[in-house]
file protein.txt (compact mmCIF, C-alpha atoms and all ligand atoms)
# COMPACT_ATOMS: atom_id res chain seq x y z
CA MET A 1 -4.27 -24.10 15.31
CA THR A 2 -2.26 -21.43 13.48
CA SER A 3 -0.99 -18.59 15.67
CA LEU A 4 0.26 -15.08 14.92
CA PHE A 5 3.79 -16.26 15.72
CA ASP A 6 3.99 -19.12 13.20
CA PRO A 7 6.20 -18.62 10.14
CA ILE A 8 4.76 -18.84 6.63
CA ARG A 9 6.09 -18.82 3.06
CA ILE A 10 4.17 -16.40 0.85
CA GLY A 11 5.14 -17.01 -2.75
CA ASP A 12 8.94 -16.81 -2.76
CA ILE A 13 9.17 -14.88 0.54
CA ASP A 14 9.65 -16.66 3.88
CA VAL A 15 8.33 -14.61 6.80
CA ALA A 16 8.89 -15.33 10.51
CA ASN A 17 5.37 -14.51 11.76
CA ARG A 18 1.89 -13.36 10.67
CA ILE A 19 2.23 -9.78 11.96
CA ALA A 20 2.91 -7.40 9.07
CA MET A 21 3.70 -3.69 9.18
CA ALA A 22 1.23 -1.87 6.93
CA PRO A 23 2.45 0.82 4.50
CA LEU A 24 2.55 4.17 6.30
CA THR A 25 3.19 7.52 4.68
CA ARG A 26 5.33 9.61 7.04
CA ASN A 27 6.64 12.44 4.77
CA ARG A 28 10.20 12.33 6.10
CA SER A 29 12.25 11.86 2.91
CA PRO A 30 13.05 15.31 1.43
CA GLN A 31 13.75 15.35 -2.32
CA ALA A 32 12.13 11.87 -2.42
CA ILE A 33 15.39 10.30 -1.22
CA PRO A 34 15.36 7.82 1.70
CA ASN A 35 17.76 8.90 4.48
CA ASP A 36 19.46 7.59 7.63
CA LEU A 37 16.48 8.48 9.83
CA ASN A 38 14.24 6.39 7.60
CA ALA A 39 16.71 3.50 7.91
CA THR A 40 16.59 3.72 11.72
CA TYR A 41 12.77 3.78 11.71
CA TYR A 42 12.46 0.64 9.60
CA GLU A 43 15.28 -1.23 11.37
CA GLN A 44 13.52 -0.62 14.71
CA ARG A 45 10.47 -2.47 13.32
CA ALA A 46 12.33 -5.37 11.69
CA THR A 47 10.76 -8.03 13.94
CA ALA A 48 7.56 -7.68 11.90
CA GLY A 49 7.04 -10.83 9.85
CA LEU A 50 6.93 -8.54 6.82
CA ILE A 51 7.40 -4.78 6.53
CA ILE A 52 5.55 -3.11 3.67
CA SER A 53 7.27 0.21 3.02
CA GLU A 54 5.44 3.50 2.85
CA GLY A 55 3.99 4.35 -0.54
CA THR A 56 6.88 4.83 -2.99
CA PRO A 57 6.03 6.68 -6.21
CA VAL A 58 7.10 5.03 -9.47
CA SER A 59 7.58 8.44 -11.11
CA GLN A 60 7.29 12.16 -10.32
CA GLN A 61 3.90 12.05 -12.08
CA GLY A 62 2.94 9.37 -9.56
CA GLN A 63 3.91 11.53 -6.58
CA GLY A 64 1.05 13.08 -4.65
CA TYR A 65 2.56 14.11 -1.33
CA ALA A 66 5.64 16.06 -0.30
CA ASP A 67 8.73 14.34 1.08
CA VAL A 68 7.75 10.77 0.27
CA PRO A 69 10.59 8.49 -0.95
CA GLY A 70 10.51 7.49 -4.61
CA LEU A 71 11.99 4.67 -6.63
CA TYR A 72 12.50 6.63 -9.83
CA LEU A 73 15.84 8.33 -9.08
CA PRO A 74 19.21 6.52 -8.83
CA GLN A 75 19.91 8.35 -5.54
CA ALA A 76 16.69 6.88 -4.14
CA VAL A 77 17.88 3.35 -4.85
CA GLU A 78 21.07 4.13 -2.89
CA GLY A 79 18.97 5.56 -0.07
CA TRP A 80 16.71 2.53 0.07
CA LYS A 81 19.78 0.25 0.33
CA LYS A 82 20.42 1.72 3.81
CA VAL A 83 16.89 0.71 4.78
CA THR A 84 16.93 -2.83 3.40
CA GLU A 85 20.41 -3.54 4.77
CA GLY A 86 19.31 -2.44 8.26
CA VAL A 87 16.17 -4.55 8.17
CA HIS A 88 18.03 -7.61 6.85
CA GLN A 89 20.75 -7.26 9.50
CA LYS A 90 17.92 -7.79 12.02
CA ASP A 91 16.65 -10.81 9.98
CA GLY A 92 13.59 -8.88 8.85
CA LYS A 93 11.84 -8.91 5.48
CA ILE A 94 10.69 -5.79 3.62
CA VAL A 95 8.87 -5.12 0.37
CA ALA A 96 8.43 -1.77 -1.38
CA GLN A 97 4.93 -0.43 -1.99
CA LEU A 98 4.86 0.83 -5.60
CA TRP A 99 2.54 3.80 -5.85
CA HIS A 100 1.02 6.06 -8.49
CA VAL A 101 -1.44 8.52 -6.95
CA GLY A 102 -3.21 9.45 -10.20
CA ARG A 103 -5.58 12.31 -9.43
CA VAL A 104 -4.64 12.56 -5.73
CA SER A 105 -1.90 15.11 -6.27
CA HIS A 106 -1.21 18.84 -6.57
CA VAL A 107 0.24 20.81 -9.48
CA SER A 108 3.12 21.97 -7.25
CA LEU A 109 4.27 18.33 -7.02
CA GLN A 110 3.85 17.46 -10.71
CA PRO A 111 6.51 17.71 -13.44
CA ASN A 112 6.62 21.35 -14.64
CA GLY A 113 3.54 22.16 -12.53
CA SER A 114 1.33 20.08 -14.86
CA LEU A 115 -2.10 18.68 -13.99
CA PRO A 116 -2.26 15.33 -12.20
CA VAL A 117 -3.40 12.44 -14.44
CA ALA A 118 -6.34 10.06 -14.00
CA PRO A 119 -8.53 7.67 -16.00
CA SER A 120 -10.99 10.56 -16.43
CA ALA A 121 -11.08 14.28 -15.59
CA VAL A 122 -13.02 13.63 -12.38
CA PRO A 123 -11.59 15.47 -9.34
CA ALA A 124 -10.71 13.49 -6.21
CA LYS A 125 -12.33 15.99 -3.80
CA SER A 126 -9.53 15.09 -1.37
CA LYS A 127 -6.47 16.68 0.21
CA THR A 128 -2.77 16.15 -0.17
CA TYR A 129 0.31 17.21 1.78
CA VAL A 130 2.64 19.87 0.40
CA ILE A 131 5.54 21.86 1.87
CA ASN A 132 4.99 25.63 1.91
CA GLU A 133 7.72 28.13 0.96
CA ASP A 134 8.41 28.72 4.65
CA GLY A 135 9.10 24.99 5.07
CA THR A 136 5.92 24.17 6.98
CA GLY A 137 3.79 21.25 5.80
CA ALA A 138 0.09 21.56 5.05
CA PHE A 139 -2.77 19.52 3.67
CA VAL A 140 -4.28 21.29 0.61
CA GLU A 141 -7.07 20.50 -1.87
CA THR A 142 -5.98 18.15 -4.67
CA SER A 143 -5.74 19.71 -8.13
CA GLU A 144 -8.23 18.92 -10.92
CA PRO A 145 -6.79 16.05 -13.05
CA ARG A 146 -6.68 15.53 -16.81
CA ALA A 147 -7.73 12.27 -18.47
CA LEU A 148 -4.89 10.05 -19.66
CA GLU A 149 -4.65 9.34 -23.37
CA ALA A 150 -4.73 5.57 -24.04
CA THR A 151 -1.29 5.96 -25.63
CA GLU A 152 0.15 7.16 -22.28
CA ILE A 153 -0.92 4.09 -20.32
CA PRO A 154 1.81 1.66 -21.48
CA GLY A 155 4.41 4.18 -20.29
CA ILE A 156 2.91 4.20 -16.78
CA VAL A 157 2.79 0.40 -16.73
CA ASP A 158 6.48 0.47 -17.65
CA ASP A 159 7.18 2.92 -14.81
CA PHE A 160 5.83 0.27 -12.40
CA ARG A 161 8.03 -2.36 -14.05
CA LYS A 162 11.14 -0.17 -13.77
CA ALA A 163 10.38 0.68 -10.14
CA ALA A 164 9.99 -3.02 -9.34
CA ARG A 165 13.40 -3.69 -10.86
CA ALA A 166 14.85 -0.76 -8.87
CA ALA A 167 13.30 -2.18 -5.69
CA ILE A 168 15.08 -5.48 -6.14
CA GLU A 169 18.33 -3.63 -6.92
CA ALA A 170 17.81 -1.69 -3.67
CA GLY A 171 17.63 -4.97 -1.73
CA PHE A 172 13.88 -5.29 -1.18
CA ASP A 173 12.52 -8.83 -0.87
CA GLY A 174 9.69 -7.97 -3.24
CA VAL A 175 7.02 -5.36 -3.92
CA GLU A 176 3.42 -4.54 -3.16
CA ILE A 177 1.50 -2.87 -5.97
CA HIS A 178 -0.66 -0.14 -4.45
CA GLY A 179 -4.08 -0.92 -5.87
CA ALA A 180 -6.05 0.62 -3.01
CA ASN A 181 -7.25 3.83 -1.36
CA GLY A 182 -8.49 5.70 -4.43
CA TYR A 183 -5.09 6.00 -6.12
CA LEU A 184 -4.48 5.41 -9.83
CA VAL A 185 -5.05 1.62 -9.98
CA ASP A 186 -8.20 1.97 -7.83
CA GLN A 187 -9.33 4.92 -9.98
CA PHE A 188 -9.27 2.71 -13.07
CA LEU A 189 -11.15 -0.06 -11.25
CA LYS A 190 -14.05 1.99 -9.91
CA THR A 191 -17.05 3.67 -11.55
CA GLY A 192 -16.75 6.77 -9.36
CA ALA A 193 -13.51 7.77 -11.07
CA ASN A 194 -13.43 5.90 -14.40
CA GLU A 195 -15.74 7.28 -17.09
CA ARG A 196 -13.67 6.04 -20.03
CA THR A 197 -15.33 4.56 -23.12
CA ASP A 198 -12.22 2.84 -24.52
CA ASP A 199 -10.62 -0.52 -23.60
CA TYR A 200 -9.86 0.78 -20.09
CA GLY A 201 -13.39 1.80 -19.14
CA GLY A 202 -17.00 0.61 -18.93
CA SER A 203 -17.07 -3.18 -18.34
CA ILE A 204 -15.51 -4.88 -15.31
CA GLU A 205 -12.94 -6.49 -17.61
CA ASN A 206 -11.97 -3.13 -19.10
CA ARG A 207 -11.77 -1.35 -15.73
CA SER A 208 -9.54 -4.16 -14.42
CA ARG A 209 -7.23 -4.05 -17.43
CA PHE A 210 -4.77 -1.49 -16.05
CA LEU A 211 -4.41 -3.37 -12.73
CA LEU A 212 -3.71 -6.65 -14.53
CA GLU A 213 -1.27 -5.04 -16.99
CA VAL A 214 0.68 -3.61 -14.04
CA VAL A 215 0.63 -6.96 -12.18
CA ASP A 216 1.82 -8.82 -15.28
CA ALA A 217 4.60 -6.32 -16.06
CA VAL A 218 5.90 -6.35 -12.47
CA ALA A 219 5.65 -10.14 -12.13
CA ALA A 220 7.44 -10.64 -15.45
CA GLU A 221 10.23 -8.33 -14.23
CA ILE A 222 10.85 -9.62 -10.70
CA GLY A 223 8.79 -12.82 -10.37
CA ALA A 224 5.16 -13.31 -9.32
CA GLY A 225 6.36 -14.91 -6.07
CA ARG A 226 7.85 -11.56 -5.05
CA THR A 227 4.82 -9.53 -6.10
CA GLY A 228 1.92 -8.63 -3.81
CA ILE A 229 -0.99 -6.26 -4.28
CA ARG A 230 -3.06 -4.08 -1.94
CA LEU A 231 -6.80 -3.68 -2.59
CA SER A 232 -9.60 -1.81 -0.82
CA PRO A 233 -12.95 -2.95 -2.28
CA THR A 234 -15.15 -0.55 -0.32
CA THR A 235 -12.97 2.28 0.94
CA PRO A 236 -14.16 5.89 0.48
CA ALA A 237 -10.55 7.13 0.78
CA ASN A 238 -9.68 10.05 -1.50
CA GLY A 239 -13.26 10.30 -2.70
CA ILE A 240 -13.36 6.93 -4.46
CA SER A 241 -16.52 4.82 -4.90
CA ASP A 242 -18.05 2.08 -7.04
CA LYS A 243 -21.63 1.26 -8.01
CA ASN A 244 -21.25 -2.48 -7.41
CA PRO A 245 -17.90 -3.67 -6.00
CA GLN A 246 -18.73 -7.34 -5.38
CA PRO A 247 -18.73 -8.59 -9.02
CA LEU A 248 -15.82 -6.28 -9.78
CA PHE A 249 -13.58 -7.68 -7.04
CA ASN A 250 -14.75 -11.26 -7.54
CA TYR A 251 -13.51 -10.89 -11.13
CA VAL A 252 -10.24 -9.32 -9.95
CA ALA A 253 -9.83 -12.21 -7.48
CA GLU A 254 -10.33 -14.81 -10.21
CA GLN A 255 -7.81 -13.08 -12.48
CA LEU A 256 -5.22 -12.67 -9.71
CA ALA A 257 -5.64 -16.34 -8.76
CA LYS A 258 -4.07 -17.28 -12.10
CA ARG A 259 -0.90 -15.30 -11.37
CA ASN A 260 0.74 -17.11 -8.41
CA LEU A 261 1.40 -13.90 -6.46
CA SER A 262 3.10 -13.65 -3.06
CA PHE A 263 0.25 -11.98 -1.15
CA ILE A 264 -3.11 -10.24 -1.48
CA HIS A 265 -3.44 -7.40 1.05
CA VAL A 266 -7.05 -6.39 1.71
CA ILE A 267 -8.21 -3.25 3.51
CA GLU A 268 -11.64 -4.11 4.95
CA GLY A 269 -14.14 -1.25 4.94
CA ALA A 270 -13.11 2.39 5.19
CA THR A 271 -9.31 2.86 5.41
CA GLY A 272 -8.48 3.86 8.98
CA GLY A 273 -12.19 3.82 9.82
CA GLU A 274 -15.19 1.50 10.07
CA ARG A 275 -14.48 -2.07 8.91
CA GLY A 276 -18.17 -2.42 8.09
CA PHE A 277 -18.30 0.58 5.72
CA GLN A 278 -20.16 0.00 2.42
CA TYR A 279 -20.69 2.21 -0.64
CA GLU A 280 -24.25 3.57 -0.76
CA GLY A 281 -26.72 0.90 -1.85
CA THR A 282 -24.14 -1.89 -2.03
CA ALA A 283 -23.29 -4.85 0.24
CA PHE A 284 -19.78 -6.30 -0.07
CA ASP A 285 -18.89 -9.64 1.50
CA TYR A 286 -15.17 -10.16 2.19
CA ASP A 287 -15.51 -13.94 2.65
CA THR A 288 -17.09 -14.16 -0.82
CA PHE A 289 -14.17 -12.16 -2.18
CA ARG A 290 -11.59 -14.43 -0.52
CA ASN A 291 -13.46 -17.57 -1.58
CA ALA A 292 -13.58 -16.34 -5.19
CA TYR A 293 -9.79 -16.13 -5.04
CA ARG A 294 -9.25 -19.51 -3.36
CA ASN A 295 -11.85 -21.33 -5.49
CA ALA A 296 -10.08 -20.07 -8.62
CA GLY A 297 -6.86 -21.69 -7.36
CA GLY A 298 -5.27 -18.66 -5.70
CA LYS A 299 -2.57 -19.64 -3.21
CA ALA A 300 -1.03 -16.31 -2.20
CA GLY A 301 -0.91 -15.27 1.45
CA TRP A 302 -4.17 -13.51 2.36
CA MET A 303 -3.44 -10.43 4.48
CA VAL A 304 -6.18 -8.38 6.13
CA ASN A 305 -6.01 -4.84 7.52
CA ASN A 306 -7.92 -2.11 9.24
CA GLY A 307 -8.09 -1.55 12.93
CA TYR A 308 -7.26 -5.06 14.09
CA ASP A 309 -6.02 -5.59 17.63
CA ARG A 310 -4.18 -8.64 18.96
CA ASP A 311 -7.31 -10.64 19.80
CA ALA A 312 -9.08 -9.93 16.50
CA ALA A 313 -5.90 -10.78 14.60
CA THR A 314 -5.43 -13.99 16.60
CA GLU A 315 -8.97 -15.05 15.69
CA ALA A 316 -8.59 -14.11 12.01
CA VAL A 317 -5.48 -16.26 11.63
CA ALA A 318 -6.67 -19.15 13.82
CA SER A 319 -9.94 -19.37 11.87
CA GLY A 320 -8.15 -19.41 8.51
CA ARG A 321 -9.90 -16.21 7.41
CA ALA A 322 -6.45 -14.66 7.03
CA ASP A 323 -2.85 -15.80 6.77
CA LEU A 324 -1.41 -12.48 7.97
CA VAL A 325 -2.72 -9.30 9.56
CA SER A 326 -1.14 -5.89 8.95
CA PHE A 327 -0.99 -3.09 11.52
CA GLY A 328 -0.35 0.59 10.81
CA ARG A 329 -0.89 2.91 13.75
CA LEU A 330 0.16 0.22 16.24
CA PHE A 331 3.54 -0.13 14.48
CA ILE A 332 3.99 3.64 14.45
CA ALA A 333 3.99 3.65 18.25
CA ASN A 334 5.34 0.17 18.97
CA PRO A 335 8.53 -0.78 17.10
CA ASP A 336 8.50 -4.12 18.96
CA LEU A 337 4.80 -4.82 18.43
CA VAL A 338 5.46 -8.52 17.85
CA GLU A 339 7.11 -8.91 21.28
CA ARG A 340 4.39 -6.86 22.93
CA PHE A 341 1.72 -9.07 21.37
CA ARG A 342 3.61 -12.20 22.39
CA SER A 343 4.08 -11.06 26.02
CA GLY A 344 0.77 -9.21 26.37
CA THR A 345 2.61 -6.02 27.34
CA ALA A 346 0.76 -2.68 27.24
CA LEU A 347 1.05 -0.74 23.98
CA ASN A 348 2.32 2.80 23.44
CA THR A 349 -0.30 5.24 22.11
CA PRO A 350 0.40 6.82 18.68
CA ASP A 351 0.72 10.61 18.58
CA ARG A 352 -1.37 11.78 15.61
CA ASP A 353 0.31 15.19 15.62
CA THR A 354 3.58 13.62 14.44
CA PHE A 355 2.21 11.17 11.85
CA TYR A 356 3.15 13.34 8.86
CA GLY A 357 6.34 15.38 8.43
CA GLY A 358 8.97 16.42 10.96
CA GLY A 359 11.93 14.45 12.29
CA ALA A 360 12.68 11.90 15.00
CA LYS A 361 9.85 13.03 17.29
CA GLY A 362 6.96 10.59 16.91
CA TYR A 363 9.03 8.60 14.41
CA THR A 364 12.07 6.91 15.92
CA ASP A 365 11.62 7.93 19.58
CA TYR A 366 8.87 5.53 20.65
CA PRO A 367 10.23 3.29 23.46
CA SER A 368 10.63 -0.44 22.98
CA LEU A 369 10.57 -2.98 25.81
CA GLU A 370 14.36 -3.44 25.61
CA ALA A 371 14.79 0.25 26.39
CA ALA A 372 12.44 0.10 29.36
C1 LIG B 401 -0.26 6.06 1.00
C2 LIG B 401 -1.36 6.37 1.62
C3 LIG B 401 -2.53 5.48 1.52
O1 LIG B 401 -2.39 4.35 1.07
O2 LIG B 401 -3.63 5.96 1.90
C4 LIG B 401 -1.47 7.58 2.49
C5 LIG B 401 -1.01 8.78 1.99
C6 LIG B 401 -1.11 9.92 2.79
C7 LIG B 401 -1.64 9.84 4.07
C8 LIG B 401 -2.10 8.62 4.54
C9 LIG B 401 -2.03 7.47 3.75
call {"tool": "encode", "arguments": {"input": "protein.txt", "output": "structure tokens"}}
result
Amino acid sequence: MTSLFDPIRIGDIDVANRIAMAPLTRNRSPQAIPNDLNATYYEQRATAGLIISEGTPVSQQGQGYADVPGLYLPQAVEGWKKVTEGVHQKDGKIVAQLWHVGRVSHVSLQPNGSLPVAPSAVPAKSKTYVINEDGTGAFVETSEPRALEATEIPGIVDDFRKAARAAIEAGFDGVEIHGANGYLVDQFLKTGANERTDDYGGSIENRSRFLLEVVDAVAAEIGAGRTGIRLSPTTPANGISDKNPQPLFNYVAEQLAKRNLSFIHVIEGATGGERGFQYEGTAFDYDTFRNAYRNAGGKAGWMVNNGYDRDAATEAVASGRADLVSFGRLFIANPDLVERFRSGTALNTPDRDTFYGGGAKGYTDYPSLEAA
């Protein structure tokens, strides 16, 4: 029976165990440049089978939060090299999460103070994190977006392709396309944000077009075997919703199955909340979603997320319902989570007050068993 500690090859990436570190925004990279503190943080967690980096904007337009590291400046690539070298020195594996926030942004973060962009001019009714003039961080209302012209979309797809190339140049083992949590890819997918009447709106095929164009551009650039994607069929994060997610994601599964990707990373339910959450009047079945992918020939590693503990993760992998399980908050507080799971040692408790912004406190100062 498969255990959490068995290795697995996902596409072209060999990973040492089934315990992945989920992408975690920490807002500790001023000017969008990764720094030495970031390198220490990731190196401490290198025993994860796979680290998925924090969301990494593919452009300034794709940036929605202050002090997150990008992949669109040459200095950022140099900064990320410190991170990947540190993780690789500890025999870890790390992929970059490529991110475009779409409407979940603020004019103060956008090029020349412009409006955030989205499939349609439908506000996110969410909050984002900015740095005030006095240097303090704060969550503020997202700004009202403008609808993208169809002619702008190929340029954004190309930003993902360029960022994927930059990720490989920076030493990452691959990338995860951020298709979840109500950000741009998810905004195109779902009826609650996409009111377009052109080839990118209306039907399931049209609403999936942007996602598939991004997947194809990234896979063509760096290889499908180094390309993963994160999806959240029923999350309400950042005000997103859909009238009927099951046929939508069954279609997405069938299309992704043709593309020989490295992994499919699925947030079950409400991100950071109830795994059983459903959009009003809908009922989404995650086994149906996974079976649609497998029955269409999909062979990528199937990674599940959202509030799993060691026992639930053990069961998910042993039953074959998942190949890997990702952990966010547990990796914040436990750099050596894999060893703690293996030995059954008590876990450190995450400090929510230091999740976003700041320095080493609540970032690189959690104790590991070695230090005890
Ligand atoms: C990248 C994020 C996501 O995927 O939801 C994120 C961003 C800000 C705070 C928490 C999470």
call {"tool": "residues_around", "arguments": {"input": "protein.txt", "residues": "range 10-26 of chain A", "least_positions_apart": "6", "cutoff": "7 Å", "atoms": "all atoms listed in the file", "output": "list in words"}}
result
Leu4, Ala48, Gly49, Leu50, Ile51, Ile52, Ser53, Glu54, Gly55, Lys93, Gly225, Arg226, Leu261, Ser262, Phe263, Ala300, Gly301, Asp323, Leu324, Val325, Ser326, Phe327, Gly328, Phe331, Val338, Phe355, Tyr356 and Gly357 of chain A
call {"tool": "atom_distance", "arguments": {"input": "protein.txt", "atom1": "CA of Glu339 in chain A", "atom2": "CA of Asn27 in chain A"}}
result
27.0 Å
call {"tool": "closest_residue", "arguments": {"input": "protein.txt", "among": "A:Gly362, A:Ala283, A:Arg342, A:Trp80", "to": "Glu169 in chain A", "atoms": "all atoms listed in the file"}}
result
A:Trp80
call {"tool": "closest_residue", "arguments": {"input": "protein.txt", "among": "A:Pro335, A:Gly320, A:Gly155, A:Pro247", "to": "Thr288 in chain A", "atoms": "all atoms listed in the file"}}
result
A:Pro247
call {"tool": "residues_near_point", "arguments": {"input": "protein.txt", "point": "(9.1, 4.1, -15.8)", "cutoff": "12 Å", "atoms": "only C-alpha atoms", "output": "number ranges by chain"}}
result
A: 57-62, 70-73, 98-100, 152-166, 214, 217-218
call {"tool": "closest_residue", "arguments": {"input": "protein.txt", "among": "A:Ser368, A:Asn206, A:Asn305, A:Ser120", "to": "ligand LIG 401 (chain B)", "atoms": "all atoms listed in the file"}}
result
A:Asn305
call {"tool": "residues_around", "arguments": {"input": "protein.txt", "residues": "range 31-33 of chain A", "least_positions_apart": "3", "cutoff": "6 Å", "atoms": "all atoms listed in the file", "output": "NGL selection string"}}
result
:A and (67-70 or 76)
call {"tool": "closest_residue", "arguments": {"input": "protein.txt", "among": "A:Val95, A:Ile332, A:Val104, A:Leu256", "to": "Asn238 in chain A", "atoms": "only C-alpha atoms"}}
result
A:Val104
call {"tool": "atom_distance", "arguments": {"input": "protein.txt", "atom1": "CA of Leu148 in chain A", "atom2": "CA of Asn244 in chain A"}}
result
24.0 Å
call {"tool": "closest_residue", "arguments": {"input": "protein.txt", "among": "A:Arg310, A:Pro74, A:Ala333, A:Pro119", "to": "Asp199 in chain A", "atoms": "all atoms listed in the file"}}
result
A:Pro119
call {"tool": "residues_around", "arguments": {"input": "protein.txt", "residues": "Glu268 in chain A", "least_positions_apart": "5", "cutoff": "7 Å", "atoms": "only C-alpha atoms", "output": "NGL selection string"}}
result
:A and (232 or 275 or 305-306)
call {"tool": "residues_near_point", "arguments": {"input": "protein.txt", "point": "(-16.5, 16.3, -1.4)", "cutoff": "8 Å", "atoms": "all atoms listed in the file", "output": "number ranges by chain"}}
result
A: 125-126, 239
call {"tool": "closest_residue", "arguments": {"input": "protein.txt", "among": "A:Ala180, A:Val140, A:Ile94, A:Leu37", "to": "ligand LIG 401 (chain B)", "atoms": "only C-alpha atoms and all ligand atoms"}}
result
A:Ala180
call {"tool": "atom_distance", "arguments": {"input": "protein.txt", "atom1": "CA of Pro236 in chain A", "atom2": "CA of Pro145 in chain A"}}
result
18.5 Å
call {"tool": "residues_around", "arguments": {"input": "protein.txt", "residues": "Gln255 in chain A", "least_positions_apart": "3", "cutoff": "10 Å", "atoms": "all atoms listed in the file", "output": "MDAnalysis selection string"}}
result
chainID A and resid 205 208 212 249:252 258:259 292:293 296 298
call {"tool": "axis_aligned_box", "arguments": {"input": "protein.txt", "around": "ligand LIG 401 (chain B)", "padding_each_side": "3 Å", "output": "JSON"}}
result
{"center_x": -1.9, "center_y": 7.1, "center_z": 2.8, "size_x": 9.4, "size_y": 11.6, "size_z": 9.5}
call {"tool": "residues_around", "arguments": {"input": "protein.txt", "residues": "Arg209 in chain A", "least_positions_apart": "5", "cutoff": "10 Å", "atoms": "only C-alpha atoms", "output": "list in words"}}
result
Val185, Phe188, Leu189, Asp199, Tyr200, Gly201, Ser203, Ile204, Val214, Val215 and Val252 of chain A
call {"tool": "decode", "arguments": {"input": "protein.txt", "residues": "range 129-141 of chain A", "atoms": "N, CA, C and O atoms", "output": "compact mmCIF listing (two decimals), in the first residue's frame"}}
result
# COMPACT_ATOMS: atom_id res chain seq x y z
N TYR A 129 -3.42 43.16 -0.28
CA TYR A 129 -2.45 43.63 0.72
C TYR A 129 -1.54 44.67 0.07
O TYR A 129 -0.90 44.40 -0.94
N VAL A 130 -1.54 45.88 0.64
CA VAL A 130 -0.68 46.94 0.11
C VAL A 130 0.20 47.46 1.24
O VAL A 130 -0.05 47.19 2.41
N ILE A 131 1.27 48.18 0.88
CA ILE A 131 2.13 48.80 1.89
C ILE A 131 1.82 50.30 1.92
O ILE A 131 1.89 50.98 0.89
N ASN A 132 1.43 50.80 3.10
CA ASN A 132 1.12 52.22 3.24
C ASN A 132 2.40 53.07 3.16
O ASN A 132 3.50 52.53 3.28
N GLU A 133 2.21 54.40 3.04
CA GLU A 133 3.37 55.30 2.94
C GLU A 133 4.26 55.20 4.18
O GLU A 133 5.47 55.36 4.11
N ASP A 134 3.66 54.87 5.31
CA ASP A 134 4.48 54.78 6.54
C ASP A 134 5.16 53.42 6.68
O ASP A 134 5.76 53.10 7.69
N GLY A 135 4.98 52.57 5.63
CA GLY A 135 5.68 51.28 5.63
C GLY A 135 4.89 50.14 6.24
O GLY A 135 5.28 48.98 6.18
N THR A 136 3.73 50.49 6.84
CA THR A 136 2.92 49.40 7.42
C THR A 136 2.08 48.73 6.32
O THR A 136 1.70 49.39 5.35
N GLY A 137 1.83 47.44 6.52
CA GLY A 137 1.03 46.70 5.54
C GLY A 137 -0.44 46.74 5.93
O GLY A 137 -0.76 46.87 7.12
N ALA A 138 -1.31 46.64 4.95
CA ALA A 138 -2.75 46.63 5.27
C ALA A 138 -3.52 45.95 4.14
O ALA A 138 -3.11 46.02 2.98
N PHE A 139 -4.61 45.27 4.54
CA PHE A 139 -5.50 44.70 3.54
C PHE A 139 -6.53 45.77 3.16
O PHE A 139 -7.16 46.37 4.05
N VAL A 140 -6.68 46.07 1.87
CA VAL A 140 -7.62 47.08 1.39
C VAL A 140 -8.55 46.48 0.35
O VAL A 140 -8.26 45.41 -0.21
N GLU A 141 -9.66 47.16 0.08
CA GLU A 141 -10.61 46.68 -0.95
C GLU A 141 -9.92 46.62 -2.31
O GLU A 141 -9.13 47.53 -2.65
